[in-house]
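One structure is given below, encoded as structure tokens.
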Amino acid sequence: CIGGHFGYIEGDATLNAPAWEGTLDSNFVDKDNYCPTKVGGIVAMVNGVTNITGATVAGTLKTAHRWDTKASKQVNHSMGGIVGECCDAVTIKDSNNTANITWDRASSAQRTQYSSVALGGIAGRILGGNALIENCHNNSNLYNGCYNNGSYDTYAKPNCLGGIVGSFGLTKEVISETLTVRNCTSKGKLRAMRGFVAGIVGWAQNATIEDCSYTTAAFENDINPYAAGIIACAYT
């Protein structure tokens, strides 16, 4: 877990006006594809209730996760401008990201692997718990270069890219919690190797999106993605 301020927080986290500017450039070599990678401009992963207000992130977030073998194990990676992954309820308000975010492309020899990446301008992956993202803005270019050969008819496998949230509730079970994204904007190019890509939310269960906009409308998609201006896949 690599974050601008925190790599991993065990338990609840309340962060008021955290700011980070710089470059996070990580390069992992994972022999058997067993190690999930989490990257965030403020915090990479929170295993508890998350409350963040007034965060600002600028600069560059870049990760290259390499595999030595053609691994078939399912591992879920997460990358976000403010937070990479939230494991419980989350509230993020009045926060801004201008850092370009890149999950670097895997080599052709690694393209039989089944792992997924959820990447978002504000939050990469939210596993569950009610979530509110309000008055948040992303003004940056986002690239999810993970090549995923997993089937999209099962949970947890697809790649997801969202200008605000990469994925919410993308698990093996149907959840009852809800995601609300309100008064948020996203600008910048969105590029995905495969999976779901959208200006606001890539993939979500039980999502409500209010007064949000994606104004650049510049998709550069490489291979068979599902693309939309607001949300690419909504599951209820």
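Within each chain, counting starts at residue 1; across the structure tokens, chains are named A, B, ... in the order shown, with ligands numbered 1 upward in that order.
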Neighbouring residues of Tyr214 of chain A were defined as those with any atom within 9 Å, considering only C-alpha atoms; residues of the same chain fewer than 5 positions away were excluded. Please report them as JSON, numbers by chain. {"A": [163, 184, 185, 186, 187, 188, 198, 199, 200, 229, 230]}
Output N, CA and C atoms for every residue in that selection, as an mmCIF file, in the first residue's frame.
```cif
data_model
loop_
_atom_site.group_PDB
_atom_site.id
_atom_site.type_symbol
_atom_site.label_atom_id
_atom_site.label_comp_id
_atom_site.auth_asym_id
_atom_site.auth_seq_id
_atom_site.Cartn_x
_atom_site.Cartn_y
_atom_site.Cartn_z
ATOM 1 N N GLY A 163 -14.102 8.811 -13.531
ATOM 2 C CA GLY A 163 -13.538 10.127 -13.249
ATOM 3 C C GLY A 163 -13.617 10.505 -11.788
ATOM 4 N N CYS A 184 -20.499 16.671 -8.381
ATOM 5 C CA CYS A 184 -19.104 16.377 -8.682
ATOM 6 C C CYS A 184 -18.847 16.583 -10.168
ATOM 7 N N THR A 185 -17.624 16.964 -10.512
ATOM 8 C CA THR A 185 -17.260 17.154 -11.909
ATOM 9 C C THR A 185 -15.952 16.443 -12.208
ATOM 10 N N SER A 186 -15.819 16.074 -13.476
ATOM 11 C CA SER A 186 -14.579 15.452 -13.929
ATOM 12 C C SER A 186 -14.211 15.998 -15.294
ATOM 13 N N LYS A 187 -12.926 16.298 -15.476
ATOM 14 C CA LYS A 187 -12.384 16.746 -16.748
ATOM 15 C C LYS A 187 -11.088 15.975 -17.010
ATOM 16 N N GLY A 188 -10.798 15.779 -18.264
ATOM 17 C CA GLY A 188 -9.561 15.102 -18.621
ATOM 18 C C GLY A 188 -9.808 13.844 -19.424
ATOM 19 N N ALA A 198 -16.015 5.426 -17.386
ATOM 20 C CA ALA A 198 -17.033 6.472 -17.445
ATOM 21 C C ALA A 198 -16.522 7.750 -16.799
ATOM 22 N N GLY A 199 -17.169 8.845 -17.162
ATOM 23 C CA GLY A 199 -16.754 10.148 -16.664
ATOM 24 C C GLY A 199 -16.939 10.341 -15.178
ATOM 25 N N ILE A 200 -17.916 9.649 -14.570
ATOM 26 C CA ILE A 200 -18.159 9.804 -13.133
ATOM 27 C C ILE A 200 -17.902 8.501 -12.372
ATOM 28 N N GLY A 229 -20.573 8.477 -20.522
ATOM 29 C CA GLY A 229 -20.249 9.786 -19.982
ATOM 30 C C GLY A 229 -20.400 9.873 -18.481
ATOM 31 N N ILE A 230 -21.409 9.195 -17.899
ATOM 32 C CA ILE A 230 -21.673 9.303 -16.467
ATOM 33 C C ILE A 230 -21.341 8.010 -15.728
#
```
Using only C-alpha atoms, determine which residues lie at most 8 Å from segment 205-210 of chain A, disregarding the query and same-chain residues fewer than 5 positions distant; provide the list as a PyMOL selection string. chain A and resi 168-170+174-183+234-236
Dump of all heavy atoms for the selected residues, as a short mmCIF file (atom, residue, chain, number, x, y, z; two decimals), in the first residue's frame:
```cif
data_model
loop_
_atom_site.label_atom_id
_atom_site.label_comp_id
_atom_site.auth_asym_id
_atom_site.auth_seq_id
_atom_site.Cartn_x
_atom_site.Cartn_y
_atom_site.Cartn_z
N PHE A 168 -17.92 0.65 -6.98
CA PHE A 168 -18.58 0.59 -5.67
C PHE A 168 -19.33 -0.73 -5.57
O PHE A 168 -20.14 -1.05 -6.43
CB PHE A 168 -19.57 1.74 -5.48
CG PHE A 168 -20.42 1.60 -4.24
CD1 PHE A 168 -19.90 1.92 -3.00
CD2 PHE A 168 -21.72 1.13 -4.32
CE1 PHE A 168 -20.67 1.77 -1.85
CE2 PHE A 168 -22.50 0.98 -3.18
CZ PHE A 168 -21.97 1.31 -1.94
N GLY A 169 -19.06 -1.50 -4.51
CA GLY A 169 -19.78 -2.75 -4.29
C GLY A 169 -19.48 -3.82 -5.30
O GLY A 169 -20.31 -4.71 -5.53
N LEU A 170 -18.31 -3.78 -5.90
CA LEU A 170 -17.94 -4.79 -6.90
C LEU A 170 -17.36 -5.99 -6.16
O LEU A 170 -16.16 -6.15 -6.01
CB LEU A 170 -16.93 -4.22 -7.89
CG LEU A 170 -16.55 -5.12 -9.07
CD1 LEU A 170 -17.78 -5.55 -9.85
CD2 LEU A 170 -15.57 -4.41 -9.98
N VAL A 174 -24.44 -9.51 -3.71
CA VAL A 174 -25.27 -8.32 -3.84
C VAL A 174 -25.29 -7.61 -2.49
O VAL A 174 -25.43 -8.23 -1.44
CB VAL A 174 -26.70 -8.70 -4.26
CG1 VAL A 174 -27.59 -7.47 -4.29
CG2 VAL A 174 -26.69 -9.36 -5.62
N ILE A 175 -25.14 -6.29 -2.50
CA ILE A 175 -25.11 -5.53 -1.25
C ILE A 175 -26.36 -4.66 -1.15
O ILE A 175 -27.02 -4.37 -2.15
CB ILE A 175 -23.84 -4.66 -1.16
CG1 ILE A 175 -23.84 -3.60 -2.27
CG2 ILE A 175 -22.59 -5.51 -1.22
CD1 ILE A 175 -22.72 -2.59 -2.12
N SER A 176 -26.67 -4.23 0.06
CA SER A 176 -27.81 -3.35 0.29
C SER A 176 -27.40 -1.89 0.45
O SER A 176 -28.24 -0.99 0.38
CB SER A 176 -28.58 -3.80 1.53
OG SER A 176 -27.75 -3.76 2.69
N GLU A 177 -26.13 -1.63 0.69
CA GLU A 177 -25.65 -0.26 0.87
C GLU A 177 -25.71 0.51 -0.44
O GLU A 177 -25.80 -0.08 -1.52
CB GLU A 177 -24.21 -0.27 1.41
CG GLU A 177 -24.08 -0.83 2.80
CD GLU A 177 -23.90 -2.33 2.83
OE1 GLU A 177 -24.01 -2.97 1.75
OE2 GLU A 177 -23.64 -2.88 3.91
N THR A 178 -25.64 1.83 -0.33
CA THR A 178 -25.81 2.69 -1.51
C THR A 178 -24.63 3.63 -1.69
O THR A 178 -23.94 4.00 -0.74
CB THR A 178 -27.09 3.52 -1.39
OG1 THR A 178 -27.00 4.38 -0.25
CG2 THR A 178 -28.32 2.62 -1.25
N LEU A 179 -24.45 4.02 -2.94
CA LEU A 179 -23.47 5.05 -3.30
C LEU A 179 -24.22 6.28 -3.79
O LEU A 179 -25.08 6.18 -4.66
CB LEU A 179 -22.55 4.55 -4.41
CG LEU A 179 -21.70 5.61 -5.13
CD1 LEU A 179 -20.63 6.17 -4.20
CD2 LEU A 179 -21.06 5.04 -6.40
N THR A 180 -23.88 7.45 -3.23
CA THR A 180 -24.41 8.73 -3.72
C THR A 180 -23.24 9.60 -4.14
O THR A 180 -22.32 9.86 -3.36
CB THR A 180 -25.23 9.45 -2.64
OG1 THR A 180 -26.33 8.63 -2.24
CG2 THR A 180 -25.76 10.78 -3.17
N VAL A 181 -23.27 10.04 -5.39
CA VAL A 181 -22.27 10.98 -5.90
C VAL A 181 -23.02 12.25 -6.28
O VAL A 181 -23.89 12.23 -7.15
CB VAL A 181 -21.52 10.40 -7.11
CG1 VAL A 181 -20.46 11.38 -7.58
CG2 VAL A 181 -20.90 9.05 -6.77
N ARG A 182 -22.71 13.35 -5.62
CA ARG A 182 -23.51 14.57 -5.76
C ARG A 182 -22.62 15.78 -6.02
O ARG A 182 -21.59 15.99 -5.34
CB ARG A 182 -24.33 14.79 -4.48
CG ARG A 182 -25.22 16.02 -4.49
CD ARG A 182 -25.94 16.19 -3.16
NE ARG A 182 -26.80 15.05 -2.87
CZ ARG A 182 -26.78 14.38 -1.72
NH1 ARG A 182 -25.93 14.72 -0.77
NH2 ARG A 182 -27.61 13.37 -1.53
N ASN A 183 -23.00 16.57 -7.02
CA ASN A 183 -22.33 17.83 -7.32
C ASN A 183 -20.82 17.63 -7.53
O ASN A 183 -19.99 18.32 -6.96
CB ASN A 183 -22.57 18.87 -6.22
CG ASN A 183 -22.17 20.26 -6.65
OD1 ASN A 183 -22.19 20.59 -7.83
ND2 ASN A 183 -21.77 21.08 -5.70
N ALA A 234 -24.38 0.10 -14.19
CA ALA A 234 -25.15 0.30 -12.95
C ALA A 234 -25.92 -0.97 -12.65
O ALA A 234 -26.77 -1.40 -13.44
CB ALA A 234 -26.12 1.47 -13.14
N TYR A 235 -25.63 -1.59 -11.50
CA TYR A 235 -26.28 -2.86 -11.12
C TYR A 235 -27.17 -2.61 -9.92
O TYR A 235 -26.74 -2.05 -8.91
CB TYR A 235 -25.22 -3.89 -10.79
CG TYR A 235 -25.79 -5.26 -10.49
CD1 TYR A 235 -25.98 -6.17 -11.52
CD2 TYR A 235 -26.14 -5.62 -9.20
CE1 TYR A 235 -26.52 -7.43 -11.27
CE2 TYR A 235 -26.68 -6.87 -8.94
CZ TYR A 235 -26.86 -7.78 -9.98
OH TYR A 235 -27.38 -9.01 -9.70
N THR A 236 -28.44 -3.01 -10.03
CA THR A 236 -29.38 -2.83 -8.91
C THR A 236 -30.09 -4.13 -8.64
O THR A 236 -30.18 -5.01 -9.49
CB THR A 236 -30.42 -1.76 -9.24
OG1 THR A 236 -31.12 -2.10 -10.44
CG2 THR A 236 -29.76 -0.41 -9.40
#
```
Any idea what the distance is between atom CA of Glu21 of chain A and atom CA of His5 of chain A? 10.3 Å
Quick one, how far is atom CA of Leu190 of chain A from atom CA of Tyr226 of chain A? 12.1 Å
Please give the complete set of residues from segment 5-221 of chain A that DSSP, run on the backbone, assigns to strand (DSSP E or B), formatted as a compact mmCIF listing (two decimals) with N, CA and C atoms, in the first residue's frame.
```
# COMPACT_ATOMS: atom_id res chain seq x y z
N PHE A 6 -0.57 8.30 3.90
CA PHE A 6 -0.71 7.03 4.62
C PHE A 6 -0.79 5.88 3.62
N GLY A 7 -0.09 4.82 3.92
CA GLY A 7 -0.21 3.63 3.12
C GLY A 7 -1.44 2.82 3.50
N TYR A 8 -1.57 2.50 4.80
CA TYR A 8 -2.67 1.66 5.27
C TYR A 8 -3.14 2.17 6.63
N ILE A 9 -4.46 2.31 6.78
CA ILE A 9 -5.04 2.70 8.07
C ILE A 9 -5.95 1.57 8.51
N GLU A 10 -5.66 0.99 9.67
CA GLU A 10 -6.50 -0.04 10.26
C GLU A 10 -7.47 0.62 11.23
N ALA A 13 -11.04 6.32 10.01
CA ALA A 13 -10.13 7.43 9.70
C ALA A 13 -10.92 8.68 9.41
N THR A 14 -10.58 9.80 10.09
CA THR A 14 -11.15 11.11 9.80
C THR A 14 -10.00 12.05 9.47
N LEU A 15 -10.01 12.57 8.24
CA LEU A 15 -8.94 13.44 7.77
C LEU A 15 -9.53 14.76 7.31
N ASN A 16 -9.04 15.86 7.89
CA ASN A 16 -9.53 17.20 7.57
C ASN A 16 -8.46 17.98 6.82
N ALA A 19 -3.40 17.64 2.33
CA ALA A 19 -2.92 18.10 1.04
C ALA A 19 -1.62 17.37 0.69
N TRP A 20 -1.50 17.00 -0.58
CA TRP A 20 -0.28 16.34 -1.03
C TRP A 20 0.00 16.74 -2.47
N GLU A 21 1.28 17.01 -2.77
CA GLU A 21 1.71 17.31 -4.12
C GLU A 21 3.06 16.66 -4.36
N GLY A 22 3.18 15.96 -5.47
CA GLY A 22 4.45 15.31 -5.75
C GLY A 22 4.28 14.20 -6.77
N THR A 23 5.17 13.21 -6.69
CA THR A 23 5.14 12.08 -7.61
C THR A 23 5.24 10.78 -6.82
N LEU A 24 4.28 9.90 -7.03
CA LEU A 24 4.36 8.53 -6.54
C LEU A 24 4.54 7.65 -7.76
N ASP A 25 5.70 7.04 -7.88
CA ASP A 25 6.01 6.21 -9.04
C ASP A 25 6.52 4.87 -8.53
N SER A 26 5.65 3.89 -8.52
CA SER A 26 5.99 2.59 -7.94
C SER A 26 6.05 1.53 -9.02
N ASN A 27 6.92 0.56 -8.84
CA ASN A 27 7.10 -0.51 -9.80
C ASN A 27 7.23 -1.83 -9.04
N PHE A 28 6.21 -2.70 -9.17
CA PHE A 28 6.20 -3.96 -8.46
C PHE A 28 6.44 -5.12 -9.41
N VAL A 29 7.18 -6.09 -8.95
CA VAL A 29 7.28 -7.36 -9.65
C VAL A 29 6.76 -8.44 -8.72
N ASP A 30 5.66 -9.08 -9.11
CA ASP A 30 4.96 -10.04 -8.27
C ASP A 30 5.06 -11.40 -8.95
N LYS A 38 -2.40 -1.27 -3.67
CA LYS A 38 -3.30 -0.16 -3.36
C LYS A 38 -2.48 1.13 -3.38
N VAL A 39 -2.97 2.14 -4.12
CA VAL A 39 -2.27 3.41 -4.24
C VAL A 39 -3.27 4.55 -4.10
N GLY A 40 -2.95 5.58 -3.30
CA GLY A 40 -3.82 6.74 -3.14
C GLY A 40 -3.03 8.00 -2.90
N VAL A 43 -4.37 8.51 1.00
CA VAL A 43 -4.24 7.24 1.70
C VAL A 43 -4.52 6.11 0.71
N ALA A 44 -3.72 5.06 0.78
CA ALA A 44 -3.88 3.96 -0.16
C ALA A 44 -5.06 3.07 0.21
N MET A 45 -5.23 2.74 1.50
CA MET A 45 -6.29 1.81 1.90
C MET A 45 -6.72 2.10 3.32
N VAL A 46 -8.05 2.11 3.54
CA VAL A 46 -8.61 2.28 4.88
C VAL A 46 -9.49 1.07 5.17
N ASN A 47 -9.16 0.34 6.24
CA ASN A 47 -9.95 -0.81 6.66
C ASN A 47 -10.84 -0.38 7.83
N THR A 50 -14.43 5.72 6.65
CA THR A 50 -13.57 6.79 6.14
C THR A 50 -14.35 8.10 6.03
N ASN A 51 -13.80 9.18 6.60
CA ASN A 51 -14.35 10.53 6.45
C ASN A 51 -13.22 11.47 6.05
N ILE A 52 -13.32 12.02 4.86
CA ILE A 52 -12.29 12.93 4.36
C ILE A 52 -12.96 14.20 3.87
N THR A 53 -12.48 15.36 4.33
CA THR A 53 -13.03 16.64 3.94
C THR A 53 -11.91 17.57 3.51
N THR A 56 -6.78 17.88 -1.08
CA THR A 56 -6.26 18.32 -2.38
C THR A 56 -5.04 17.48 -2.73
N VAL A 57 -5.00 17.02 -3.99
CA VAL A 57 -3.88 16.22 -4.48
C VAL A 57 -3.47 16.76 -5.84
N ALA A 58 -2.16 16.89 -6.05
CA ALA A 58 -1.63 17.37 -7.32
C ALA A 58 -0.33 16.63 -7.63
N GLY A 59 -0.03 16.52 -8.92
CA GLY A 59 1.22 15.87 -9.31
C GLY A 59 0.98 14.68 -10.20
N THR A 60 1.59 13.53 -9.83
CA THR A 60 1.51 12.31 -10.64
C THR A 60 1.44 11.09 -9.75
N LEU A 61 0.49 10.18 -10.06
CA LEU A 61 0.44 8.87 -9.44
C LEU A 61 0.62 7.84 -10.55
N LYS A 62 1.62 6.99 -10.41
CA LYS A 62 1.89 6.01 -11.46
C LYS A 62 2.34 4.70 -10.84
N THR A 63 1.77 3.61 -11.36
CA THR A 63 2.12 2.28 -10.88
C THR A 63 2.33 1.35 -12.06
N ALA A 64 3.36 0.53 -11.98
CA ALA A 64 3.57 -0.55 -12.93
C ALA A 64 3.67 -1.84 -12.13
N HIS A 65 2.66 -2.67 -12.21
CA HIS A 65 2.62 -3.94 -11.48
C HIS A 65 2.87 -5.06 -12.49
N ARG A 66 4.01 -5.71 -12.35
CA ARG A 66 4.43 -6.72 -13.32
C ARG A 66 4.32 -8.12 -12.73
N TRP A 67 4.12 -9.10 -13.60
CA TRP A 67 4.04 -10.49 -13.18
C TRP A 67 5.13 -11.28 -13.89
N ASN A 76 -7.43 -8.21 -6.78
CA ASN A 76 -8.06 -6.92 -7.08
C ASN A 76 -7.18 -5.78 -6.58
N HIS A 77 -6.76 -4.93 -7.52
CA HIS A 77 -5.92 -3.78 -7.22
C HIS A 77 -6.76 -2.51 -7.25
N SER A 78 -6.29 -1.46 -6.55
CA SER A 78 -7.07 -0.23 -6.44
C SER A 78 -6.14 0.98 -6.47
N MET A 79 -6.64 2.06 -7.11
CA MET A 79 -5.83 3.27 -7.25
C MET A 79 -6.75 4.48 -7.35
N GLY A 80 -6.54 5.49 -6.49
CA GLY A 80 -7.40 6.66 -6.50
C GLY A 80 -6.66 7.94 -6.20
N VAL A 83 -8.16 8.46 -2.32
CA VAL A 83 -8.02 7.20 -1.59
C VAL A 83 -8.08 6.04 -2.58
N GLY A 84 -7.21 5.07 -2.38
CA GLY A 84 -7.19 3.92 -3.27
C GLY A 84 -8.33 2.96 -3.04
N GLU A 85 -8.49 2.51 -1.79
CA GLU A 85 -9.54 1.53 -1.48
C GLU A 85 -10.12 1.78 -0.10
N CYS A 86 -11.46 1.73 -0.01
CA CYS A 86 -12.19 1.85 1.25
C CYS A 86 -12.94 0.55 1.51
N VAL A 90 -17.93 5.30 3.61
CA VAL A 90 -17.00 6.38 3.29
C VAL A 90 -17.77 7.65 2.95
N THR A 91 -17.25 8.79 3.44
CA THR A 91 -17.73 10.10 3.05
C THR A 91 -16.53 10.94 2.63
N ILE A 92 -16.57 11.44 1.41
CA ILE A 92 -15.52 12.35 0.92
C ILE A 92 -16.21 13.60 0.40
N LYS A 93 -15.84 14.76 0.96
CA LYS A 93 -16.49 16.01 0.58
C LYS A 93 -15.44 17.07 0.26
N ASN A 96 -10.41 17.78 -4.10
CA ASN A 96 -10.02 18.00 -5.49
C ASN A 96 -8.75 17.22 -5.83
N ASN A 97 -8.75 16.64 -7.02
CA ASN A 97 -7.56 15.97 -7.53
C ASN A 97 -7.20 16.52 -8.89
N ASN A 100 -2.42 13.44 -12.50
CA ASN A 100 -2.61 12.42 -13.52
C ASN A 100 -2.33 11.05 -12.90
N ILE A 101 -3.19 10.06 -13.24
CA ILE A 101 -3.10 8.74 -12.62
C ILE A 101 -2.95 7.69 -13.71
N THR A 102 -1.94 6.83 -13.55
CA THR A 102 -1.65 5.81 -14.56
C THR A 102 -1.39 4.47 -13.90
N TRP A 103 -2.14 3.45 -14.32
CA TRP A 103 -1.77 2.06 -14.05
C TRP A 103 -1.17 1.53 -15.34
N SER A 116 -7.90 -7.55 -11.60
CA SER A 116 -8.59 -6.34 -12.02
C SER A 116 -8.01 -5.13 -11.31
N VAL A 117 -8.21 -3.97 -11.93
CA VAL A 117 -7.83 -2.69 -11.34
C VAL A 117 -9.04 -1.78 -11.33
N ALA A 118 -9.37 -1.22 -10.16
CA ALA A 118 -10.38 -0.16 -10.05
C ALA A 118 -9.65 1.15 -9.82
N LEU A 119 -9.84 2.09 -10.73
CA LEU A 119 -9.10 3.35 -10.69
C LEU A 119 -10.09 4.52 -10.78
N GLY A 120 -9.95 5.49 -9.88
CA GLY A 120 -10.85 6.64 -9.87
C GLY A 120 -10.13 7.93 -9.57
N ALA A 123 -11.84 8.26 -5.70
CA ALA A 123 -11.72 6.98 -4.99
C ALA A 123 -11.64 5.84 -6.00
N GLY A 124 -10.71 4.93 -5.78
CA GLY A 124 -10.55 3.82 -6.71
C GLY A 124 -11.60 2.74 -6.52
N ARG A 125 -11.63 2.11 -5.36
CA ARG A 125 -12.53 0.99 -5.09
C ARG A 125 -13.17 1.17 -3.71
N ILE A 126 -14.51 1.13 -3.65
CA ILE A 126 -15.25 1.15 -2.39
C ILE A 126 -15.96 -0.19 -2.29
N ALA A 131 -21.89 5.06 0.94
CA ALA A 131 -20.84 5.97 0.49
C ALA A 131 -21.45 7.25 -0.04
N LEU A 132 -20.85 8.39 0.34
CA LEU A 132 -21.24 9.70 -0.17
C LEU A 132 -20.00 10.42 -0.66
N ILE A 133 -20.01 10.79 -1.94
CA ILE A 133 -18.96 11.61 -2.53
C ILE A 133 -19.63 12.90 -2.98
N GLU A 134 -19.27 14.02 -2.37
CA GLU A 134 -20.01 15.27 -2.59
C GLU A 134 -19.06 16.44 -2.78
N HIS A 137 -14.01 17.15 -7.18
CA HIS A 137 -13.71 17.48 -8.57
C HIS A 137 -12.38 16.85 -8.99
N ASN A 138 -12.40 16.25 -10.15
CA ASN A 138 -11.19 15.68 -10.73
C ASN A 138 -10.88 16.40 -12.04
N ASN A 139 -9.68 16.90 -12.15
CA ASN A 139 -9.22 17.57 -13.38
C ASN A 139 -7.87 16.98 -13.76
N LEU A 142 -6.65 10.07 -16.74
CA LEU A 142 -6.65 8.78 -16.04
C LEU A 142 -6.45 7.66 -17.05
N TYR A 143 -5.58 6.71 -16.71
CA TYR A 143 -5.31 5.58 -17.60
C TYR A 143 -5.25 4.29 -16.80
N ASN A 144 -6.15 3.36 -17.13
CA ASN A 144 -6.13 2.02 -16.54
C ASN A 144 -5.61 1.06 -17.60
N CYS A 160 -12.22 -1.32 -13.87
CA CYS A 160 -13.15 -0.20 -13.77
C CYS A 160 -12.37 1.10 -13.71
N LEU A 161 -12.85 2.10 -14.44
CA LEU A 161 -12.23 3.43 -14.44
C LEU A 161 -13.33 4.47 -14.38
N GLY A 162 -13.27 5.35 -13.38
CA GLY A 162 -14.25 6.42 -13.27
C GLY A 162 -13.59 7.74 -12.95
N VAL A 165 -15.31 7.87 -9.17
CA VAL A 165 -15.21 6.59 -8.46
C VAL A 165 -14.99 5.47 -9.47
N GLY A 166 -14.00 4.63 -9.21
CA GLY A 166 -13.77 3.49 -10.09
C GLY A 166 -14.85 2.44 -9.97
N SER A 167 -15.05 1.92 -8.75
CA SER A 167 -16.10 0.93 -8.53
C SER A 167 -16.64 1.03 -7.12
N PHE A 168 -17.92 0.65 -6.98
CA PHE A 168 -18.58 0.59 -5.67
C PHE A 168 -19.33 -0.73 -5.57
N LEU A 179 -24.45 4.02 -2.94
CA LEU A 179 -23.47 5.05 -3.30
C LEU A 179 -24.22 6.28 -3.79
N THR A 180 -23.88 7.45 -3.23
CA THR A 180 -24.41 8.73 -3.72
C THR A 180 -23.24 9.60 -4.14
N VAL A 181 -23.27 10.04 -5.39
CA VAL A 181 -22.27 10.98 -5.90
C VAL A 181 -23.02 12.25 -6.28
N ARG A 182 -22.71 13.35 -5.62
CA ARG A 182 -23.51 14.57 -5.76
C ARG A 182 -22.62 15.78 -6.02
N THR A 185 -17.62 16.96 -10.51
CA THR A 185 -17.26 17.15 -11.91
C THR A 185 -15.95 16.44 -12.21
N SER A 186 -15.82 16.07 -13.48
CA SER A 186 -14.58 15.45 -13.93
C SER A 186 -14.21 16.00 -15.29
N LYS A 187 -12.93 16.30 -15.48
CA LYS A 187 -12.38 16.75 -16.75
C LYS A 187 -11.09 15.98 -17.01
N LEU A 190 -9.83 9.97 -20.46
CA LEU A 190 -10.00 8.68 -19.79
C LEU A 190 -9.60 7.59 -20.78
N ARG A 191 -8.69 6.73 -20.35
CA ARG A 191 -8.22 5.66 -21.24
C ARG A 191 -8.19 4.35 -20.46
N ALA A 192 -8.76 3.31 -21.07
CA ALA A 192 -8.81 2.01 -20.42
C ALA A 192 -8.42 0.91 -21.40
N GLY A 195 -12.61 -3.28 -19.84
CA GLY A 195 -13.51 -3.09 -18.71
C GLY A 195 -14.49 -1.95 -18.89
N PHE A 196 -14.84 -1.30 -17.77
CA PHE A 196 -15.86 -0.26 -17.73
C PHE A 196 -15.21 1.08 -17.45
N VAL A 197 -15.50 2.07 -18.29
CA VAL A 197 -14.90 3.39 -18.14
C VAL A 197 -15.98 4.46 -18.32
N ALA A 198 -16.01 5.43 -17.39
CA ALA A 198 -17.03 6.47 -17.44
C ALA A 198 -16.52 7.75 -16.80
N VAL A 201 -18.62 7.41 -12.71
CA VAL A 201 -18.49 6.13 -12.00
C VAL A 201 -18.32 5.00 -13.01
N GLY A 202 -17.32 4.18 -12.79
CA GLY A 202 -17.10 3.07 -13.70
C GLY A 202 -18.12 1.96 -13.54
N TRP A 203 -18.28 1.44 -12.32
CA TRP A 203 -19.19 0.32 -12.03
C TRP A 203 -19.73 0.51 -10.62
N ALA A 204 -21.05 0.29 -10.44
CA ALA A 204 -21.62 0.45 -9.10
C ALA A 204 -22.92 -0.31 -8.94
N GLN A 205 -23.13 -0.81 -7.75
CA GLN A 205 -24.43 -1.27 -7.30
C GLN A 205 -25.13 -0.10 -6.61
N ALA A 207 -26.52 2.86 -7.13
CA ALA A 207 -25.91 4.18 -7.23
C ALA A 207 -26.93 5.26 -7.53
N THR A 208 -26.77 6.42 -6.88
CA THR A 208 -27.51 7.64 -7.20
C THR A 208 -26.50 8.71 -7.55
N ILE A 209 -26.64 9.27 -8.75
CA ILE A 209 -25.72 10.32 -9.21
C ILE A 209 -26.52 11.57 -9.48
N GLU A 210 -26.19 12.66 -8.77
CA GLU A 210 -26.97 13.89 -8.83
C GLU A 210 -26.08 15.07 -9.20
N SER A 213 -21.13 16.10 -13.75
CA SER A 213 -20.84 16.26 -15.17
C SER A 213 -19.43 15.82 -15.49
N TYR A 214 -19.29 15.28 -16.71
CA TYR A 214 -17.98 15.00 -17.30
C TYR A 214 -17.93 15.79 -18.60
N PHE A 219 -12.44 9.79 -24.75
CA PHE A 219 -12.13 8.42 -24.40
C PHE A 219 -11.08 7.89 -25.38
```
Under the rule that only C-alpha atoms are counted, which of A:Ile164, A:Ile42, A:Cys87, A:Val49 is the nearest residue to Asp12 of chain A?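 Result for the nearest residue to Asp12 of chain A: A:Val49.
The spacing separating atom CA of Thr171 of chain A from atom CA of Gly129 of chain A amounts to 12.2 Å.
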